[in-house]
Amino acid sequence: MPNYSGIRWKKFDSNRKNVVEKLFSLKEGLKSIPQKTTDKNFLLATWNIREFDGNKYGNRLEESFYYIAEVISSFDMVAVQEIKGSLDPLKKVMRILGNHWDYLVSDITEGSRGNGERMAYIYDKRKVQFTSVAGEIVIPPKIKKDSNGNTVKKNGKTVYEPVAQFWRTPYLVSFQSGWFKFYLCTVHILFGDAKDLTDRTKEIHDVALFFKKRAKTENEYSSDKDYWDRQNFILLGDFNIIDRQDETFKALTHKTDFIIPAQIEKENLHGSNVNKDKFYDQIVYNNKYGNAVVTDAGIFDFFNHVYTNTDEDYKLYLKAMESVKKGTKAPTMSWYRQWRTHQMSDHLPMWVEFDTDFSQRYLEERMKS
């Protein structure tokens with residue numbers, strides 16, 4: 001559980017009693033997520049925490065860090081997108097989470113479309129072990145072809161052409177939880193031109209095909225006898241996918257060997273953004289070569305518990321909003337709804353529960369051999 005000791009002496013913009021009540025409500029709501037166990041399950045989430053930490057709508061309030069930590073603590077591992085240049089906000093959350101939590105973070109993505117962002121994995125060291133692989137993904141160059149489709153050669157050597165790389169480089173890591181071995185790759189796919197999805201679709205398809213090949217290579221010599229020793233590949237993050245019938249979604253799942261957990265597909269009739277009408281966030285896994293077994297999945301709406309869409313909370317934070325929105329007109333309810341997404345996020349965490357205990361199947365195999 002998070003370290004709440006700072007609540008005793010920290011000054012909050014609403015009041016200490018309100019913060020405690022909100023944490024109680026949040027903890028009650030998080031009971032909808034399966035309970036963490038020692039060696040039976042692995043709870044993985046993806047969460048785009050909006051501009052963590054920007055100041056377009058003022059700095060995050062002190063209490064927001066407690067709420068964010070509370071949500072993260074319900075999982076064993078969370079892939080986070082939109083971490084900004086400074087790691088101070090992330091370190092603040094880590095202090096609240098406690099010493100048994102750790103993180104891995106990518107470098108800043110430079111350039112206008114990179115938006116100065118990082119991606120991170122925050123994980124509970126009691127449940128998952130880092131297995132020493134971490135890196136950013138680079139698409140290899142392609143073989144140059146002539147107009148007839150023949151390979152171009154120069155001085156007897158094949159000629160290669162450079163290819164466009166990702167605007168925000170996907171971040172790969174390897175971990176293990178119980179018997180479950182896995183590679184994770186988190187992404188924040190280019191949004192680009194909303195009317196022309198060519199670049200966005202290409203980025204999604206490139207990362208899916210890249211890991212389709214990797215999943216096959218890593219498990220090439222595995223057989224049913226090696227079931228417990230396979231490597232799983234999971235892609236997750238903000239794919240900026242429009243909807244389930246869209247070309248952006250097909251780029252992720254069509255002929256890539258990656259599938260959405262059935263529980264997400266069933267539940268996700270609405271999106272994972274605050275208005276629940278966008279399908280940007282996704283978690284998919286390769287079901288052809290791995291051994292992943294999904295036992296549950298879902299989306300958690302923290303705004304049912306903190307910074308709620310009520311007059312009561314609007315009034316509670318009016319003073320904090322007025323210190324940011326300086327002017328003759330007081331912040332409206334509409335302004336509050338936008339402001340609160342900069343306190344928590346405009347994305348809701350999407351999560352998946354995996355089975356991590358393959359001991360029974362292992363013993364059954366030993367009985368046969």
# chains A, B, ... in the order shown; residues from 1 in each chain; ligands from 1
>>> residues_around(residues="Ala164 (chain A)", least_positions_apart="6", cutoff="10 Å", atoms="only C-alpha atoms", output="PDB file with N, CA, C and O atoms, in the first residue's frame")
ATOM      1  N   VAL A 138      14.291   0.505 -33.078  1.00  0.00           N
ATOM      2  CA  VAL A 138      14.699   1.120 -34.340  1.00  0.00           C
ATOM      3  C   VAL A 138      14.307   0.181 -35.472  1.00  0.00           C
ATOM      4  O   VAL A 138      14.665  -1.005 -35.457  1.00  0.00           O
ATOM      5  N   ILE A 139      13.562   0.674 -36.439  1.00  0.00           N
ATOM      6  CA  ILE A 139      13.158  -0.121 -37.598  1.00  0.00           C
ATOM      7  C   ILE A 139      14.357  -0.283 -38.537  1.00  0.00           C
ATOM      8  O   ILE A 139      15.007   0.713 -38.889  1.00  0.00           O
ATOM      9  N   PRO A 140      14.684  -1.509 -38.936  1.00  0.00           N
ATOM     10  CA  PRO A 140      15.851  -1.717 -39.803  1.00  0.00           C
ATOM     11  C   PRO A 140      15.625  -1.156 -41.203  1.00  0.00           C
ATOM     12  O   PRO A 140      14.472  -1.029 -41.649  1.00  0.00           O
ATOM     13  N   PRO A 141      16.713  -0.835 -41.933  1.00  0.00           N
ATOM     14  CA  PRO A 141      16.569  -0.353 -43.306  1.00  0.00           C
ATOM     15  C   PRO A 141      16.016  -1.452 -44.209  1.00  0.00           C
ATOM     16  O   PRO A 141      16.100  -2.645 -43.878  1.00  0.00           O
ATOM     17  N   ASP A 199       0.423   8.335 -41.775  1.00  0.00           N
ATOM     18  CA  ASP A 199       1.606   8.229 -40.915  1.00  0.00           C
ATOM     19  C   ASP A 199       1.274   7.489 -39.618  1.00  0.00           C
ATOM     20  O   ASP A 199       2.068   6.678 -39.130  1.00  0.00           O
ATOM     21  N   LYS A 202       0.880   3.755 -40.343  1.00  0.00           N
ATOM     22  CA  LYS A 202       2.174   3.136 -40.636  1.00  0.00           C
ATOM     23  C   LYS A 202       2.948   2.868 -39.348  1.00  0.00           C
ATOM     24  O   LYS A 202       3.554   1.794 -39.194  1.00  0.00           O
ATOM     25  N   GLU A 203       2.962   3.815 -38.415  1.00  0.00           N
ATOM     26  CA  GLU A 203       3.674   3.596 -37.160  1.00  0.00           C
ATOM     27  C   GLU A 203       3.101   2.395 -36.403  1.00  0.00           C
ATOM     28  O   GLU A 203       3.850   1.569 -35.871  1.00  0.00           O
TER      29      GLU A 203
END
>>> residues_around(residues="Ser32 (chain A)", least_positions_apart="4", cutoff="12 Å", atoms="only C-alpha atoms", output="ChimeraX atom specification")
/A:26-28,36,71,74,296-302,351
>>> closest_residue(among="A:Met1, A:Leu44, A:Val163, A:Ala194", to="Ile234 (chain A)", atoms="only C-alpha atoms")
A:Leu44
>>> select_by_dssp(residues="region 27-61 of chain A", states="helix (DSSP H, G or I)", output="number ranges by chain")
A: 27-32
>>> residues_around(residues="region 336-350 of chain A", least_positions_apart="4", cutoff="6 Å", atoms="only C-alpha atoms", output="PyMOL selection string")
chain A and resi 45-50+57+60+64+272-274+298-301
>>> atom_distance(atom1="CA of Ile33 (chain A)", atom2="CA of Phe354 (chain A)")
12.7 Å
>>> residues_around(residues="Thr256 (chain A)", least_positions_apart="3", cutoff="7 Å", atoms="only C-alpha atoms", output="PyMOL selection string")
chain A and resi 208-209+212+252-253
>>> closest_residue(among="A:Ala134, A:Pro89, A:Ile108, A:Leu43", to="Asn59 (chain A)", atoms="only C-alpha atoms")
A:Pro89
>>> select_by_dssp(residues="region 98-148 of chain A", states="strand (DSSP E)", output="list in words")
Trp101, Asp102, Tyr103, Leu104, Val105, Arg118, Met119, Ala120, Tyr121, Ile122, Tyr123, Asp124, Gln129, Phe130, Thr131, Ser132, Val133, Ala134, Gly135, Glu136, Lys142 and Ile143 of chain A
>>> residues_around(residues="Gln35 (chain A)", least_positions_apart="5", cutoff="10 Å", atoms="only C-alpha atoms", output="PyMOL selection string")
chain A and resi 30+41-43+74-75+353
>>> write_last_selection(atoms="all heavy atoms", output="CSV table (one decimal), in the first residue's frame")
chain,number,residue,atom,x,y,z
A,30,LEU,N,-11.3,0.8,-6.3
A,30,LEU,CA,-10.2,-0.1,-6.9
A,30,LEU,C,-10.4,-1.5,-6.5
A,30,LEU,O,-9.7,-2.4,-7.1
A,30,LEU,CB,-8.9,0.4,-6.4
A,30,LEU,CG,-8.4,1.7,-7.1
A,30,LEU,CD1,-7.2,2.4,-6.3
A,30,LEU,CD2,-8.0,1.4,-8.5
A,41,ASN,N,-1.1,-14.3,-9.9
A,41,ASN,CA,-1.5,-13.4,-11.0
A,41,ASN,C,-0.5,-12.3,-11.2
A,41,ASN,O,0.4,-12.0,-10.3
A,41,ASN,CB,-2.9,-12.8,-10.8
A,41,ASN,CG,-2.9,-11.9,-9.6
A,41,ASN,OD1,-2.0,-11.8,-8.8
A,41,ASN,ND2,-4.0,-11.2,-9.4
A,42,PHE,N,-0.6,-11.6,-12.4
A,42,PHE,CA,0.2,-10.5,-12.7
A,42,PHE,C,-0.7,-9.4,-13.2
A,42,PHE,O,-1.4,-9.6,-14.3
A,42,PHE,CB,1.3,-10.8,-13.7
A,42,PHE,CG,2.0,-9.6,-14.3
A,42,PHE,CD1,2.6,-8.7,-13.6
A,42,PHE,CD2,2.0,-9.5,-15.7
A,42,PHE,CE1,3.2,-7.6,-14.2
A,42,PHE,CE2,2.6,-8.4,-16.3
A,42,PHE,CZ,3.2,-7.5,-15.5
A,43,LEU,N,-0.8,-8.3,-12.6
A,43,LEU,CA,-1.7,-7.2,-13.0
A,43,LEU,C,-0.9,-6.1,-13.7
A,43,LEU,O,-0.1,-5.4,-13.1
A,43,LEU,CB,-2.4,-6.6,-11.7
A,43,LEU,CG,-3.5,-7.6,-11.1
A,43,LEU,CD1,-3.8,-7.1,-9.7
A,43,LEU,CD2,-4.8,-7.5,-12.0
A,74,SER,N,-2.5,-0.4,-7.2
A,74,SER,CA,-3.4,-1.5,-7.3
A,74,SER,C,-2.9,-2.6,-8.4
A,74,SER,O,-3.5,-3.6,-8.5
A,74,SER,CB,-4.8,-1.0,-7.8
A,74,SER,OG,-5.4,-0.3,-6.7
A,75,PHE,N,-1.9,-2.2,-9.1
A,75,PHE,CA,-1.3,-3.1,-10.1
A,75,PHE,C,0.1,-3.5,-9.7
A,75,PHE,O,0.7,-3.0,-8.8
A,75,PHE,CB,-1.3,-2.4,-11.5
A,75,PHE,CG,-2.6,-1.8,-11.9
A,75,PHE,CD1,-2.9,-0.4,-11.8
A,75,PHE,CD2,-3.7,-2.6,-12.3
A,75,PHE,CE1,-4.1,0.1,-12.1
A,75,PHE,CE2,-4.9,-2.1,-12.7
A,75,PHE,CZ,-5.1,-0.8,-12.6
A,353,GLU,N,-5.2,-8.8,-16.3
A,353,GLU,CA,-4.6,-9.8,-15.4
A,353,GLU,C,-4.2,-11.0,-16.1
A,353,GLU,O,-5.0,-11.7,-16.8
A,353,GLU,CB,-5.7,-10.1,-14.3
A,353,GLU,CG,-5.2,-11.1,-13.3
A,353,GLU,CD,-6.3,-11.6,-12.4
A,353,GLU,OE1,-7.5,-11.8,-12.9
A,353,GLU,OE2,-6.1,-11.8,-11.2
>>> residues_around(residues="region 6-16 of chain A", least_positions_apart="2", cutoff="8 Å", atoms="only C-alpha atoms", output="list in words")
Asn3, Tyr4, Asn18, Val19, Val20, Leu61, Glu62, Glu63, Leu316, Tyr317 and Ala320 of chain A
>>> write_last_selection(atoms="C-alpha atoms", output="PDB file, in the first residue's frame")
ATOM      1  CA  ASN A   3       2.994   5.546   2.167  1.00  0.00           C
ATOM      2  CA  TYR A   4       0.432   8.008   3.523  1.00  0.00           C
ATOM      3  CA  ASN A  18     -11.321  15.834   1.848  1.00  0.00           C
ATOM      4  CA  VAL A  19      -8.094  14.137   0.710  1.00  0.00           C
ATOM      5  CA  VAL A  20      -8.598  11.288   3.167  1.00  0.00           C
ATOM      6  CA  LEU A  61      -1.968  19.778  -6.623  1.00  0.00           C
ATOM      7  CA  GLU A  62      -0.189  17.872  -3.870  1.00  0.00           C
ATOM      8  CA  GLU A  63      -3.172  15.583  -3.379  1.00  0.00           C
ATOM      9  CA  LEU A 316     -14.047  22.665  -3.484  1.00  0.00           C
ATOM     10  CA  TYR A 317     -11.321  23.459  -6.016  1.00  0.00           C
ATOM     11  CA  ALA A 320      -7.097  26.534  -6.707  1.00  0.00           C
TER      12      ALA A 320
END
>>> atom_distance(atom1="CA of Ser5 (chain A)", atom2="CA of Ile96 (chain A)")
8.6 Å
